[in-house]
>>> print(open('target-v4.pdb').read())   # PDB, C-alpha atoms
MODEL        1
ATOM      1  CA  MET A   1     -68.346  33.277  30.376
ATOM      2  CA  ASP A   2     -65.463  34.041  28.012
ATOM      3  CA  THR A   3     -65.961  31.306  25.437
ATOM      4  CA  HIS A   4     -62.678  32.148  23.728
ATOM      5  CA  PHE A   5     -60.807  31.570  27.010
ATOM      6  CA  ALA A   6     -62.428  28.169  27.541
ATOM      7  CA  VAL A   7     -61.991  26.999  23.947
ATOM      8  CA  THR A   8     -58.359  28.135  23.730
ATOM      9  CA  PHE A   9     -57.499  26.574  27.087
ATOM     10  CA  PHE A  10     -59.178  23.305  26.113
ATOM     11  CA  GLY A  11     -57.399  23.270  22.749
ATOM     12  CA  ALA A  12     -53.976  23.808  24.295
ATOM     13  CA  LEU A  13     -54.444  21.333  27.131
ATOM     14  CA  PHE A  14     -56.018  18.662  24.940
ATOM     15  CA  ALA A  15     -53.260  18.987  22.352
ATOM     16  CA  ILE A  16     -50.556  18.393  24.967
ATOM     17  CA  MET A  17     -52.284  15.814  27.196
ATOM     18  CA  ASN A  18     -54.125  14.172  24.289
ATOM     19  CA  PRO A  19     -55.295  10.790  25.635
ATOM     20  CA  ILE A  20     -55.650   9.364  22.112
ATOM     21  CA  THR A  21     -52.068   9.987  21.027
ATOM     22  CA  ASN A  22     -50.817   8.971  24.488
ATOM     23  CA  LEU A  23     -52.778   5.710  24.412
ATOM     24  CA  PRO A  24     -49.917   3.790  22.729
ATOM     25  CA  VAL A  25     -47.584   5.041  25.477
ATOM     26  CA  PHE A  26     -50.029   3.851  28.137
ATOM     27  CA  LEU A  27     -50.242   0.436  26.489
ATOM     28  CA  THR A  28     -46.447   0.223  26.228
ATOM     29  CA  VAL A  29     -45.699   0.979  29.893
ATOM     30  CA  THR A  30     -48.508  -1.332  31.070
ATOM     31  CA  ASP A  31     -47.510  -4.155  28.741
ATOM     32  CA  GLY A  32     -48.076  -7.507  30.425
ATOM     33  CA  ALA A  33     -50.643  -6.149  32.888
ATOM     34  CA  THR A  34     -54.143  -7.524  33.147
ATOM     35  CA  PRO A  35     -57.107  -5.300  32.149
ATOM     36  CA  ALA A  36     -57.888  -4.860  35.858
ATOM     37  CA  GLN A  37     -54.340  -3.666  36.538
ATOM     38  CA  GLN A  38     -54.458  -1.305  33.565
ATOM     39  CA  ARG A  39     -57.657   0.252  34.887
ATOM     40  CA  GLN A  40     -56.061   0.682  38.292
ATOM     41  CA  VAL A  41     -53.139   2.451  36.644
ATOM     42  CA  ALA A  42     -55.604   4.638  34.708
ATOM     43  CA  LEU A  43     -57.320   5.777  37.918
ATOM     44  CA  LYS A  44     -54.017   6.430  39.708
ATOM     45  CA  THR A  45     -52.731   8.393  36.726
ATOM     46  CA  ALA A  46     -55.848  10.570  36.715
ATOM     47  CA  LEU A  47     -55.473  11.211  40.450
ATOM     48  CA  TYR A  48     -51.813  12.176  40.146
ATOM     49  CA  CYS A  49     -52.528  14.419  37.148
ATOM     50  CA  THR A  50     -55.267  16.186  39.106
ATOM     51  CA  ILE A  51     -53.027  16.781  42.123
ATOM     52  CA  MET A  52     -50.037  17.986  40.108
ATOM     53  CA  GLY A  53     -52.189  20.095  37.806
ATOM     54  CA  ALA A  54     -53.895  21.791  40.758
ATOM     55  CA  LEU A  55     -50.553  22.526  42.405
ATOM     56  CA  PHE A  56     -49.114  24.193  39.319
ATOM     57  CA  ALA A  57     -52.354  26.027  38.536
ATOM     58  CA  PHE A  58     -52.728  27.634  41.945
ATOM     59  CA  ALA A  59     -49.115  27.842  43.146
ATOM     60  CA  GLY A  60     -47.417  28.502  39.816
ATOM     61  CA  GLN A  61     -47.512  32.290  40.181
ATOM     62  CA  GLN A  62     -45.960  32.082  43.655
ATOM     63  CA  ALA A  63     -43.205  29.849  42.270
ATOM     64  CA  LEU A  64     -42.440  32.369  39.548
ATOM     65  CA  ASN A  65     -42.344  35.192  42.090
ATOM     66  CA  PHE A  66     -39.960  33.184  44.273
ATOM     67  CA  PHE A  67     -37.469  32.912  41.423
ATOM     68  CA  GLY A  68     -38.035  36.514  40.335
ATOM     69  CA  ILE A  69     -39.540  35.515  36.993
ATOM     70  CA  SER A  70     -42.328  37.592  35.484
ATOM     71  CA  VAL A  71     -45.306  36.002  33.787
ATOM     72  CA  ASP A  72     -44.219  37.572  30.501
ATOM     73  CA  ASP A  73     -40.757  36.004  30.796
ATOM     74  CA  PHE A  74     -42.379  32.657  31.482
ATOM     75  CA  ARG A  75     -44.894  33.153  28.687
ATOM     76  CA  LEU A  76     -42.083  33.682  26.177
ATOM     77  CA  ALA A  77     -39.940  30.768  27.388
ATOM     78  CA  GLY A  78     -42.953  28.517  27.836
ATOM     79  CA  GLY A  79     -44.228  29.414  24.380
ATOM     80  CA  LEU A  80     -40.930  28.266  22.896
ATOM     81  CA  VAL A  81     -41.174  24.953  24.782
ATOM     82  CA  VAL A  82     -44.757  24.392  23.620
ATOM     83  CA  LEU A  83     -43.757  25.358  20.055
ATOM     84  CA  LEU A  84     -40.992  22.736  20.019
ATOM     85  CA  ILE A  85     -43.433  20.081  21.258
ATOM     86  CA  GLY A  86     -45.929  21.074  18.568
ATOM     87  CA  LEU A  87     -43.265  20.974  15.838
ATOM     88  CA  ASN A  88     -42.144  17.534  17.001
ATOM     89  CA  MET A  89     -45.726  16.326  16.727
ATOM     90  CA  LEU A  90     -45.998  17.771  13.211
ATOM     91  CA  HIS A  91     -42.864  15.870  12.206
ATOM     92  CA  GLY A  92     -44.052  12.636  13.791
ATOM     93  CA  GLU A  93     -41.459  12.778  16.565
ATOM     94  CA  LYS A  94     -41.873  12.538  20.331
ATOM     95  CA  SER A  95     -40.506  15.311  22.514
ATOM     96  CA  SER A  96     -37.920  13.992  24.975
ATOM     97  CA  SER A  97     -39.075  16.602  27.500
ATOM     98  CA  HIS A  98     -42.467  14.887  27.666
ATOM     99  CA  HIS A  99     -41.780  11.279  26.695
ATOM    100  CA  GLY A 100     -38.285  10.925  28.106
ATOM    101  CA  THR A 101     -34.965  10.118  26.492
ATOM    102  CA  ASP A 102     -34.111   6.648  25.189
ATOM    103  CA  GLU A 103     -32.116   5.935  28.353
ATOM    104  CA  GLU A 104     -35.035   7.001  30.553
ATOM    105  CA  LYS A 105     -37.417   4.777  28.605
ATOM    106  CA  GLU A 106     -35.185   1.776  29.265
ATOM    107  CA  SER A 107     -35.432   2.406  33.017
ATOM    108  CA  TYR A 108     -39.213   2.820  33.202
ATOM    109  CA  PRO A 109     -40.459   1.044  36.347
ATOM    110  CA  ALA A 110     -42.775  -1.917  36.789
ATOM    111  CA  VAL A 111     -46.455  -1.691  35.886
ATOM    112  CA  ASP A 112     -47.563  -1.032  39.475
ATOM    113  CA  THR A 113     -45.493   2.173  39.687
ATOM    114  CA  VAL A 114     -45.820   3.686  36.201
ATOM    115  CA  ALA A 115     -48.899   5.758  37.093
ATOM    116  CA  PHE A 116     -46.763   8.621  38.445
ATOM    117  CA  TYR A 117     -43.550   8.091  36.492
ATOM    118  CA  PRO A 118     -43.561   8.213  33.531
ATOM    119  CA  LEU A 119     -47.303   8.530  32.774
ATOM    120  CA  THR A 120     -48.175  11.523  34.965
ATOM    121  CA  PHE A 121     -44.717  13.077  34.948
ATOM    122  CA  PRO A 122     -43.285  13.864  32.482
ATOM    123  CA  ILE A 123     -45.600  12.474  29.774
ATOM    124  CA  LEU A 124     -48.946  14.027  30.750
ATOM    125  CA  VAL A 125     -47.909  16.791  33.147
ATOM    126  CA  GLY A 126     -44.635  17.851  31.587
ATOM    127  CA  PRO A 127     -43.160  21.263  30.685
ATOM    128  CA  GLY A 128     -45.814  22.043  28.072
ATOM    129  CA  THR A 129     -48.717  21.182  30.364
ATOM    130  CA  ILE A 130     -47.206  23.106  33.272
ATOM    131  CA  THR A 131     -46.672  26.156  31.077
ATOM    132  CA  THR A 132     -50.250  26.038  29.797
ATOM    133  CA  LEU A 133     -51.734  25.651  33.284
ATOM    134  CA  ILE A 134     -49.772  28.577  34.730
ATOM    135  CA  LEU A 135     -50.307  30.970  31.825
ATOM    136  CA  PHE A 136     -54.043  30.374  31.554
ATOM    137  CA  ALA A 137     -54.406  30.601  35.344
ATOM    138  CA  HIS A 138     -52.884  34.073  35.080
ATOM    139  CA  LYS A 139     -55.644  35.020  32.607
ATOM    140  CA  ILE A 140     -58.420  34.281  35.104
ATOM    141  CA  LYS A 141     -60.202  37.564  35.852
ATOM    142  CA  THR A 142     -63.729  36.588  36.952
ATOM    143  CA  PRO A 143     -65.475  33.736  38.802
ATOM    144  CA  THR A 144     -66.805  32.492  35.460
ATOM    145  CA  ASP A 145     -63.244  32.299  34.142
ATOM    146  CA  MET A 146     -62.322  30.263  37.205
ATOM    147  CA  ALA A 147     -65.291  27.958  36.623
ATOM    148  CA  ALA A 148     -64.307  27.527  32.964
ATOM    149  CA  TYR A 149     -60.689  26.807  33.948
ATOM    150  CA  ILE A 150     -61.687  24.134  36.471
ATOM    151  CA  GLY A 151     -64.303  22.695  34.117
ATOM    152  CA  VAL A 152     -61.850  22.359  31.206
ATOM    153  CA  PHE A 153     -59.171  20.748  33.356
ATOM    154  CA  ALA A 154     -61.697  18.358  34.895
ATOM    155  CA  GLY A 155     -62.981  17.520  31.427
ATOM    156  CA  ILE A 156     -59.480  16.638  30.202
ATOM    157  CA  ILE A 157     -58.931  14.402  33.239
ATOM    158  CA  ALA A 158     -62.284  12.706  32.589
ATOM    159  CA  LEU A 159     -61.257  12.040  28.974
ATOM    160  CA  LEU A 160     -57.986  10.535  30.174
ATOM    161  CA  VAL A 161     -59.834   8.178  32.495
ATOM    162  CA  LEU A 162     -62.310   7.236  29.767
ATOM    163  CA  VAL A 163     -59.630   6.442  27.198
ATOM    164  CA  PHE A 164     -57.151   4.703  29.504
ATOM    165  CA  TRP A 165     -59.917   2.742  31.269
ATOM    166  CA  ASN A 166     -60.975   1.333  27.908
ATOM    167  CA  ALA A 167     -57.406   0.983  26.593
ATOM    168  CA  PRO A 168     -57.585  -2.789  25.922
ATOM    169  CA  THR A 169     -60.670  -2.338  23.717
ATOM    170  CA  LEU A 170     -59.599   0.902  22.014
ATOM    171  CA  SER A 171     -56.189  -0.497  21.103
ATOM    172  CA  LYS A 172     -57.916  -2.978  18.783
ATOM    173  CA  HIS A 173     -59.614  -0.206  16.811
ATOM    174  CA  LEU A 174     -57.065   2.632  16.897
ATOM    175  CA  THR A 175     -55.082   2.340  13.681
ATOM    176  CA  SER A 176     -51.653   3.841  13.143
ATOM    177  CA  SER A 177     -53.149   6.155  10.508
ATOM    178  CA  MET A 178     -55.631   7.559  13.024
ATOM    179  CA  ARG A 179     -52.836   8.210  15.516
ATOM    180  CA  VAL A 180     -50.739   9.963  12.865
ATOM    181  CA  ILE A 181     -53.617  12.185  11.743
ATOM    182  CA  MET A 182     -54.479  13.108  15.338
ATOM    183  CA  SER A 183     -50.849  13.843  16.176
ATOM    184  CA  ARG A 184     -50.355  16.106  13.151
ATOM    185  CA  LEU A 185     -53.608  17.996  13.787
ATOM    186  CA  MET A 186     -52.860  18.536  17.471
ATOM    187  CA  GLY A 187     -49.300  19.552  16.609
ATOM    188  CA  MET A 188     -50.563  22.290  14.295
ATOM    189  CA  ILE A 189     -53.013  23.579  16.906
ATOM    190  CA  LEU A 190     -50.317  23.503  19.573
ATOM    191  CA  ALA A 191     -47.854  25.390  17.353
ATOM    192  CA  ALA A 192     -50.459  28.104  16.682
ATOM    193  CA  ILE A 193     -51.242  28.490  20.399
ATOM    194  CA  ALA A 194     -47.504  28.603  21.167
ATOM    195  CA  MET A 195     -47.023  31.420  18.664
ATOM    196  CA  ALA A 196     -49.784  33.380  20.402
ATOM    197  CA  MET A 197     -47.973  32.891  23.743
ATOM    198  CA  ILE A 198     -44.675  34.056  22.229
ATOM    199  CA  THR A 199     -46.289  37.069  20.542
ATOM    200  CA  ASP A 200     -48.042  38.164  23.760
ATOM    201  CA  GLY A 201     -44.790  37.792  25.672
ATOM    202  CA  LEU A 202     -42.814  39.842  23.180
ATOM    203  CA  LYS A 203     -45.456  42.596  23.099
ATOM    204  CA  SER A 204     -45.225  42.958  26.876
ATOM    205  CA  LEU A 205     -41.449  42.728  27.130
ATOM    206  CA  LEU A 206     -40.785  44.841  24.031
ATOM    207  CA  PRO A 207     -43.698  47.328  23.774
ATOM    208  CA  GLY A 208     -42.186  48.903  20.674
ATOM    209  CA  LEU A 209     -42.947  45.750  18.684
ATOM    210  CA  ALA A 210     -46.652  46.151  19.353
TER     211      ALA A 210
ENDMDL
END
>>> encode(input="target-v4.pdb", output="structure tokens")
Amino acid sequence: MDTHFAVTFFGALFAIMNPITNLPVFLTVTDGATPAQQRQVALKTALYCTIMGALFAFAGQQALNFFGISVDDFRLAGGLVVLLIGLNMLHGEKSSSHHGTDEEKESYPAVDTVAFYPLTFPILVGPGTITTLILFAHKIKTPTDMAAYIGVFAGIIALLVLVFWNAPTLSKHLTSSMRVIMSRLMGMILAAIAMAMITDGLKSLLPGLA
């Protein structure tokens, strides 16, 4: 198994879908719900993330072909999107592409419908996540790569369930300092991975730069 593939994929996906930094968002949109309702939302969110993630992972290439977009074009554009998200995290800001605009936040639905919008889309499975899923799916060359891809994605979903399921308890121990440190660290990792995407895209589109 290509360990580098698995570690890089996990790093990128965890940085974007980070259940720790998204815990405050989960608590905000489920404010007023009972612990039982919050756990139900956690399970629904995990299910929706799995379905959407699988669709983009296995049908993303076909979607690109339909619009006449090459993987290298998408890698370059997607790298820029991921870079902006990472830079926002480094500056302590939330990306509107993932967390929604202020107007969208005001119209977030009731607790029984937040599992899909906004938790799954666009917060957890937004532009950055979609880009990462499609680009790393394109790197799959062997059955072991496929196993690593599925295993990493399943692991991220399991972490989401674990954190959101225990949200009421974790919220009492997760300090603002811990969230800030995690956000900055993940932002730096995400920015570095985004630069690798951009560099690979430019090398393919402009061979002379290589």
>>> atom_distance(input="target-v4.pdb", atom1="atom CA of Leu83 of chain A", atom2="atom CA of Met195 of chain A")
7.0 Å
>>> atom_distance(input="target-v4.pdb", atom1="atom CA of Met197 of chain A", atom2="atom CA of Ile51 of chain A")
25.0 Å
>>> atom_distance(input="target-v4.pdb", atom1="atom CA of Lys139 of chain A", atom2="atom CA of Gly86 of chain A")
22.0 Å
>>> resolve_selection(input="target-v4.pdb", expression="the PyMOL selection byres ((chain A and resi 53) around 12)", output="VMD selection string")
chain A and resid 13 17 45 to 52 54 to 60 120 to 121 124 to 134 137 149 to 150 152 to 154 156 to 157
>>> closest_residue(input="target-v4.pdb", among="A:Ala63, A:Ala194, A:Met178, A:Ala6", to="Leu23 of chain A", atoms="all atoms listed in the file")
A:Met178
>>> resolve_selection(input="target-v4.pdb", expression="the PyMOL selection byres ((chain A and resi 32-44) around 10)", output="ChimeraX atom specification")
/A:26-31,45-50,110-116,119-120,157,160-169
>>> closest_residue(input="target-v4.pdb", among="A:Leu159, A:Leu174, A:Ala148, A:Leu202", to="Leu76 of chain A", atoms="all atoms listed in the file")
A:Leu202
